[in-house]
$ cat model_6.cif   # mmCIF, C-alpha atoms and all ligand atoms
data_model
#
loop_
_atom_site.group_PDB
_atom_site.id
_atom_site.type_symbol
_atom_site.label_atom_id
_atom_site.label_comp_id
_atom_site.auth_asym_id
_atom_site.auth_seq_id
_atom_site.Cartn_x
_atom_site.Cartn_y
_atom_site.Cartn_z
ATOM 1 C CA GLU H 29 -1.156 11.302 -36.369
ATOM 2 C CA LEU H 30 -3.858 13.453 -34.747
ATOM 3 C CA SER H 31 -1.557 14.900 -32.126
ATOM 4 C CA PHE H 32 0.025 16.988 -34.876
ATOM 5 C CA PHE H 33 -3.202 19.007 -35.041
ATOM 6 C CA PHE H 34 -4.288 18.577 -31.432
ATOM 7 C CA PRO H 35 -1.146 18.809 -29.311
ATOM 8 C CA VAL H 36 -1.019 16.338 -26.484
ATOM 9 C CA GLU H 37 -0.756 17.798 -22.995
ATOM 10 C CA GLN H 38 0.430 16.070 -19.828
ATOM 11 C CA THR H 39 -0.906 16.141 -16.306
ATOM 12 C CA LEU H 40 0.027 14.541 -13.015
ATOM 13 C CA ALA H 41 -2.696 12.272 -11.660
ATOM 14 C CA THR H 42 -2.683 10.428 -8.353
ATOM 15 C CA ILE H 43 -4.830 7.636 -6.989
ATOM 16 C CA LYS H 44 -4.670 8.261 -3.252
ATOM 17 C CA PRO H 45 -4.045 5.385 -0.777
ATOM 18 C CA ASP H 46 -7.632 4.457 0.162
ATOM 19 C CA ALA H 47 -8.888 4.534 -3.428
ATOM 20 C CA LEU H 48 -5.883 2.559 -4.638
ATOM 21 C CA GLU H 49 -6.569 -0.151 -2.059
ATOM 22 C CA GLY H 50 -10.296 -0.299 -2.764
ATOM 23 C CA HIS H 51 -10.839 0.647 -6.402
ATOM 24 C CA ARG H 52 -7.588 0.372 -8.372
ATOM 25 C CA ASP H 53 -8.924 -1.677 -11.293
ATOM 26 C CA GLU H 54 -12.175 0.283 -11.740
ATOM 27 C CA ILE H 55 -10.311 3.596 -11.727
ATOM 28 C CA MET H 56 -7.664 2.375 -14.190
ATOM 29 C CA GLU H 57 -10.397 1.180 -16.564
ATOM 30 C CA GLU H 58 -12.125 4.583 -16.393
ATOM 31 C CA ILE H 59 -8.863 6.405 -17.108
ATOM 32 C CA LYS H 60 -8.174 4.307 -20.214
ATOM 33 C CA GLY H 61 -11.845 4.416 -21.258
ATOM 34 C CA ALA H 62 -11.743 8.214 -21.176
ATOM 35 C CA GLY H 63 -8.920 8.204 -23.730
ATOM 36 C CA PHE H 64 -5.936 9.061 -21.559
ATOM 37 C CA VAL H 65 -2.578 7.509 -22.360
ATOM 38 C CA ILE H 66 -0.692 6.489 -19.219
ATOM 39 C CA SER H 67 2.758 7.768 -20.145
ATOM 40 C CA GLN H 68 4.483 7.006 -16.860
ATOM 41 C CA ILE H 69 3.325 5.182 -13.760
ATOM 42 C CA LYS H 70 4.841 4.678 -10.329
ATOM 43 C CA GLU H 71 3.453 3.261 -7.113
ATOM 44 C CA THR H 72 4.960 5.012 -4.149
ATOM 45 C CA CYS H 73 4.447 5.452 -0.428
ATOM 46 C CA LEU H 74 4.867 9.131 0.409
ATOM 47 C CA ASP H 75 6.614 9.952 3.670
ATOM 48 C CA ARG H 76 5.536 13.022 5.659
ATOM 49 C CA GLU H 77 8.192 15.256 4.173
ATOM 50 C CA MET H 78 7.216 14.275 0.623
ATOM 51 C CA ALA H 79 3.494 14.652 1.334
ATOM 52 C CA GLU H 80 4.100 18.125 2.787
ATOM 53 C CA GLU H 81 6.003 19.085 -0.361
ATOM 54 C CA PHE H 82 3.391 17.496 -2.631
ATOM 55 C CA TYR H 83 0.668 19.678 -1.093
ATOM 56 C CA LYS H 84 2.826 22.656 -0.086
ATOM 57 C CA GLU H 85 0.281 25.145 -1.467
ATOM 58 C CA HIS H 86 -2.058 24.094 1.367
ATOM 59 C CA LYS H 87 0.460 24.520 4.200
ATOM 60 C CA GLY H 88 -1.191 26.340 7.118
ATOM 61 C CA LYS H 89 -4.770 25.439 6.169
ATOM 62 C CA PRO H 90 -6.850 23.756 8.890
ATOM 63 C CA PHE H 91 -6.955 20.428 7.021
ATOM 64 C CA PHE H 92 -3.222 20.302 6.182
ATOM 65 C CA GLU H 93 -2.057 17.872 8.907
ATOM 66 C CA GLN H 94 -4.961 15.517 8.228
ATOM 67 C CA LEU H 95 -4.193 15.701 4.515
ATOM 68 C CA VAL H 96 -0.566 14.717 5.140
ATOM 69 C CA ASP H 97 -1.686 11.827 7.413
ATOM 70 C CA TYR H 98 -4.095 10.673 4.715
ATOM 71 C CA MET H 99 -1.479 10.744 1.945
ATOM 72 C CA CYS H 100 0.945 8.731 4.120
ATOM 73 C CA GLN H 101 -1.444 5.939 5.087
ATOM 74 C CA GLY H 102 -0.358 3.631 2.250
ATOM 75 C CA PRO H 103 0.922 3.528 -1.314
ATOM 76 C CA SER H 104 -0.392 5.983 -3.910
ATOM 77 C CA LEU H 105 -0.329 5.510 -7.672
ATOM 78 C CA MET H 106 1.353 8.384 -9.501
ATOM 79 C CA MET H 107 0.764 8.768 -13.225
ATOM 80 C CA ILE H 108 1.615 11.078 -16.070
ATOM 81 C CA LEU H 109 -1.558 11.153 -18.174
ATOM 82 C CA SER H 110 -1.367 12.376 -21.761
ATOM 83 C CA LYS H 111 -4.282 13.679 -23.797
ATOM 84 C CA GLU H 112 -5.378 16.819 -25.571
ATOM 85 C CA ASN H 113 -6.299 19.278 -22.779
ATOM 86 C CA ALA H 114 -5.213 16.672 -20.211
ATOM 87 C CA VAL H 115 -5.137 18.986 -17.175
ATOM 88 C CA ASN H 116 -8.761 20.045 -17.480
ATOM 89 C CA GLU H 117 -9.959 16.689 -18.850
ATOM 90 C CA TRP H 118 -8.517 14.859 -15.832
ATOM 91 C CA ARG H 119 -10.017 17.343 -13.380
ATOM 92 C CA ALA H 120 -13.370 16.878 -15.095
ATOM 93 C CA LEU H 121 -13.109 13.087 -14.846
ATOM 94 C CA MET H 122 -12.209 13.370 -11.117
ATOM 95 C CA GLY H 123 -15.053 15.780 -10.388
ATOM 96 C CA PRO H 124 -15.299 18.346 -7.571
ATOM 97 C CA THR H 125 -13.240 18.060 -4.350
ATOM 98 C CA ASP H 126 -16.301 17.343 -2.169
ATOM 99 C CA PRO H 127 -18.098 14.075 -3.006
ATOM 100 C CA GLU H 128 -21.494 15.563 -2.098
ATOM 101 C CA VAL H 129 -20.960 18.289 -4.672
ATOM 102 C CA ALA H 130 -19.609 15.693 -7.094
ATOM 103 C CA GLN H 131 -22.722 13.548 -6.722
ATOM 104 C CA SER H 132 -25.046 16.460 -7.380
ATOM 105 C CA THR H 133 -23.112 18.255 -10.131
ATOM 106 C CA ALA H 134 -20.938 15.546 -11.752
ATOM 107 C CA PRO H 135 -22.688 12.212 -11.209
ATOM 108 C CA GLY H 136 -20.424 10.208 -13.548
ATOM 109 C CA SER H 137 -17.203 11.495 -12.035
ATOM 110 C CA LEU H 138 -14.674 9.355 -10.153
ATOM 111 C CA ARG H 139 -15.094 11.284 -6.918
ATOM 112 C CA SER H 140 -18.877 10.953 -7.130
ATOM 113 C CA LYS H 141 -18.329 7.187 -7.101
ATOM 114 C CA PHE H 142 -15.200 6.620 -5.019
ATOM 115 C CA ALA H 143 -14.638 9.579 -2.657
ATOM 116 C CA LYS H 144 -15.497 8.993 1.005
ATOM 117 C CA SER H 145 -15.318 12.607 2.203
ATOM 118 C CA ILE H 146 -13.989 16.022 1.202
ATOM 119 C CA LEU H 147 -10.640 14.961 2.720
ATOM 120 C CA GLN H 148 -10.587 11.299 1.677
ATOM 121 C CA ASN H 149 -11.567 11.995 -1.887
ATOM 122 C CA GLY H 150 -9.419 9.350 -3.554
ATOM 123 C CA LEU H 151 -7.828 11.271 -6.411
ATOM 124 C CA HIS H 152 -5.512 14.146 -7.163
ATOM 125 C CA GLY H 153 -4.970 16.179 -10.285
ATOM 126 C CA ALA H 154 -2.702 19.117 -11.012
ATOM 127 C CA SER H 155 -4.743 22.311 -11.163
ATOM 128 C CA ASN H 156 -3.103 23.981 -14.187
ATOM 129 C CA GLU H 157 -0.357 23.385 -16.759
ATOM 130 C CA GLU H 158 2.380 25.031 -14.688
ATOM 131 C CA HIS H 159 1.363 23.047 -11.614
ATOM 132 C CA ALA H 160 1.365 19.870 -13.749
ATOM 133 C CA VAL H 161 4.951 20.421 -14.893
ATOM 134 C CA GLU H 162 6.039 21.105 -11.304
ATOM 135 C CA LYS H 163 4.291 18.022 -9.897
ATOM 136 C CA ILE H 164 5.582 15.773 -12.705
ATOM 137 C CA LYS H 165 9.106 16.954 -11.942
ATOM 138 C CA PHE H 166 8.613 16.324 -8.228
ATOM 139 C CA VAL H 167 7.380 12.760 -8.754
ATOM 140 C CA PHE H 168 9.254 11.607 -11.860
ATOM 141 C CA GLY H 169 12.342 13.806 -11.859
ATOM 142 C CA ASP H 170 13.724 15.718 -14.795
ATOM 143 C CA ILE H 171 12.141 13.832 -17.697
ATOM 144 C CA ASP H 172 11.674 15.151 -21.215
ATOM 145 C CA LEU H 173 7.948 15.795 -21.596
ATOM 146 C CA GLU H 174 8.337 16.122 -25.371
ATOM 147 C CA ARG H 175 9.359 12.458 -25.468
ATOM 148 C CA VAL H 176 7.319 11.018 -22.640
ATOM 149 C CA ASP H 177 4.795 9.331 -24.967
ATOM 150 C CA VAL H 178 7.509 7.371 -26.753
ATOM 151 C CA ILE H 179 8.020 5.263 -23.629
ATOM 152 C CA ASP H 180 5.659 2.289 -23.562
ATOM 153 C CA THR H 181 4.489 1.582 -20.023
ATOM 154 C CA GLY H 182 2.773 -1.572 -21.286
ATOM 155 C CA ILE H 183 -0.548 -0.827 -19.603
ATOM 156 C CA ASN H 184 -2.476 1.137 -22.205
ATOM 157 C CA GLN H 185 -4.134 -1.855 -23.912
HETATM 158 P P1 LIG V 201 -6.314 17.760 -5.365
HETATM 159 O O1 LIG V 201 -5.355 18.926 -5.232
HETATM 160 O O2 LIG V 201 -6.007 16.621 -4.409
HETATM 161 O O3 LIG V 201 -6.455 17.301 -6.779
HETATM 162 O O4 LIG V 201 -7.783 18.242 -4.917
HETATM 163 P P2 LIG V 201 -8.532 19.584 -5.332
HETATM 164 O O5 LIG V 201 -7.674 20.434 -6.221
HETATM 165 O O6 LIG V 201 -9.884 19.203 -5.802
HETATM 166 O O7 LIG V 201 -8.713 20.298 -3.905
HETATM 167 P P3 LIG V 201 -7.666 21.212 -3.114
HETATM 168 O O8 LIG V 201 -8.395 22.415 -2.659
HETATM 169 O O9 LIG V 201 -6.408 21.379 -3.880
HETATM 170 O O10 LIG V 201 -7.375 20.325 -1.823
HETATM 171 C C1 LIG V 201 -6.366 19.347 -1.806
HETATM 172 C C2 LIG V 201 -6.851 18.147 -1.025
HETATM 173 O O11 LIG V 201 -6.992 18.489 0.350
HETATM 174 C C3 LIG V 201 -8.087 17.758 0.913
HETATM 175 N N1 LIG V 201 -9.076 18.693 1.427
HETATM 176 N N2 LIG V 201 -9.665 18.549 2.576
HETATM 177 N N3 LIG V 201 -11.271 18.938 4.901
HETATM 178 C C4 LIG V 201 -11.345 19.823 3.919
HETATM 179 O O12 LIG V 201 -12.086 20.769 3.931
HETATM 180 C C5 LIG V 201 -10.488 19.587 2.737
HETATM 181 N N4 LIG V 201 -10.413 20.380 1.688
HETATM 182 C C6 LIG V 201 -9.517 19.811 0.859
HETATM 183 C C7 LIG V 201 -8.631 16.868 -0.185
HETATM 184 O O13 LIG V 201 -7.968 15.606 -0.105
HETATM 185 C C8 LIG V 201 -8.237 17.628 -1.420
HETATM 186 O O14 LIG V 201 -8.219 16.799 -2.556
HETATM 187 MG MG MG V 202 -5.642 20.905 -5.743
#

$ encode --input "model_6.cif" --output "structure tokens" --more "lines below"
Ligand code: RTP
Ligand code: MG
Amino acid sequence: ELSFFFPVEQTLATIKPDALEGHRDEIMEEIKGAGFVISQIKETCLDREMAEEFYKEHKGKPFFEQLVDYMCQGPSLMMILSKENAVNEWRALMGPTDPEVAQSTAPGSLRSKFAKSILQNGLHGASNEEHAVEKIKFVFGDIDLERVDVIDTGINQ
């Protein structure tokens, strides 16, 4: 079992409403193709209060209200992704926040393909390990991350 030598890490990944509606299957294939295990998955419609909490670190920024509107426009897909170095690997697969930057600096990335604008950029990923634990707790409650890979979500084939 390789994970004995290369400890598996978890991150919180989100397919935002517009990308979920338009590109769910393509994005799921890319996630599995990149070697992530989908350890938990939940489709959920954030309400304003939840969206504000989800992005609380951006409260007060000029784009905050638009960001909350965007996150509430339909269901999002929340996932715990497991892989060695999952936090950074998932951010690399997403690519930069701004799709124009993504297209020029990370042409294979998900945002280079599926983001519509710097706001409507289709995907979220926790920015560091501490943030990942906090976001996982917020979305999935108090689950045991040591055991999260034992649960078979049935969608990793
Ligand atoms: P995320 O948190 O969603 O994974 O995105 P990120 O780290 O790449 O970018 P961050 O700075 O954390 O911004 C969070 C989300 O806010 C929206 N945004 N809009 N209009 C703007 O200038 C602007 N800047 C950021 C995006 O939806 C971004 O993903
Ligand atoms: Mg962020």

$ resolve_selection --input "model_6.cif" --expression "the PyMOL selection byres (((chain H and resi 81) around 12) and not hetatm)" --output "PyMOL selection string"
chain H and resi 74-80+82-87+92+95-96+99+162-163+166-167

$ residues_near_ligand --input "model_6.cif" --ligand "ligand LIG 201 (chain V)" --cutoff "9 Å" --atoms "only C-alpha atoms and all ligand atoms" --output "PyMOL selection string"
chain H and resi 41-42+44+83+85-86+89-92+94-96+98-99+119+122-126+145-155

$ closest_residue --input "model_6.cif" --among "H:Gly136, H:Pro35, H:Gly169, H:Pro45" --to "H:Gly102" --atoms "only C-alpha atoms"
H:Pro45

$ atom_distance --input "model_6.cif" --atom1 "atom CA of H:Cys73" --atom2 "atom CA of H:Ile183"
20.8 Å

$ closest_residue --input "model_6.cif" --among "H:Val36, H:Met56, H:Ala160, H:Val176" --to "ligand MG 202 (chain V)" --atoms "all atoms listed in the file"
H:Ala160

$ atom_distance --input "model_6.cif" --atom1 "atom CA of H:Asp172" --atom2 "atom CA of H:Ile59"
22.7 Å

$ atom_distance --input "model_6.cif" --atom1 "atom CA of H:Glu57" --atom2 "atom CA of H:Ser137"
13.2 Å

$ residues_around --input "model_6.cif" --residues "H:Lys70" --least-positions-apart "6" --cutoff "10 Å" --atoms "only C-alpha atoms" --output "PyMOL selection string"
chain H and resi 42+103-108+167-168

$ write_last_selection --input "model_6.cif" --atoms "C-alpha atoms" --output "short mmCIF file (atom, residue, chain, number, x, y, z; two decimals), in the frame of the given file"
data_model
loop_
_atom_site.label_atom_id
_atom_site.label_comp_id
_atom_site.auth_asym_id
_atom_site.auth_seq_id
_atom_site.Cartn_x
_atom_site.Cartn_y
_atom_site.Cartn_z
CA THR H 42 -2.68 10.43 -8.35
CA PRO H 103 0.92 3.53 -1.31
CA SER H 104 -0.39 5.98 -3.91
CA LEU H 105 -0.33 5.51 -7.67
CA MET H 106 1.35 8.38 -9.50
CA MET H 107 0.76 8.77 -13.22
CA ILE H 108 1.62 11.08 -16.07
CA VAL H 167 7.38 12.76 -8.75
CA PHE H 168 9.25 11.61 -11.86
#

$ closest_residue --input "model_6.cif" --among "H:Lys165, H:Arg139, H:His51, H:His159" --to "ligand MG 202 (chain V)" --atoms "all atoms listed in the file"
H:His159

$ residues_around --input "model_6.cif" --residues "H:Asn184" --least-positions-apart "3" --cutoff "7 Å" --atoms "all atoms listed in the file" --output "NGL selection string"
:H and (60 or 65-66)

$ axis_aligned_box --input "model_6.cif" --around "stretch 80-86 of chain H" --padding-each-side "4 Å" --output "AutoDock Vina command-line options"
--center_x 2.0 --center_y 21.3 --center_z 0.1 --size_x 16.1 --size_y 15.6 --size_z 13.4

$ closest_residue --input "model_6.cif" --among "H:Asn156, H:Gln131, H:Gly61, H:Ile55" --to "ligand MG 202 (chain V)" --atoms "all atoms listed in the file"
H:Asn156

$ closest_residue --input "model_6.cif" --among "H:Cys100, H:Leu40, H:Leu121, H:Ala62" --to "H:Glu158" --atoms "all atoms listed in the file"
H:Leu40

$ closest_residue --input "model_6.cif" --among "H:Ile69, H:Val115, H:Leu109, H:Leu138" --to "ligand MG 202 (chain V)" --atoms "all atoms listed in the file"
H:Val115
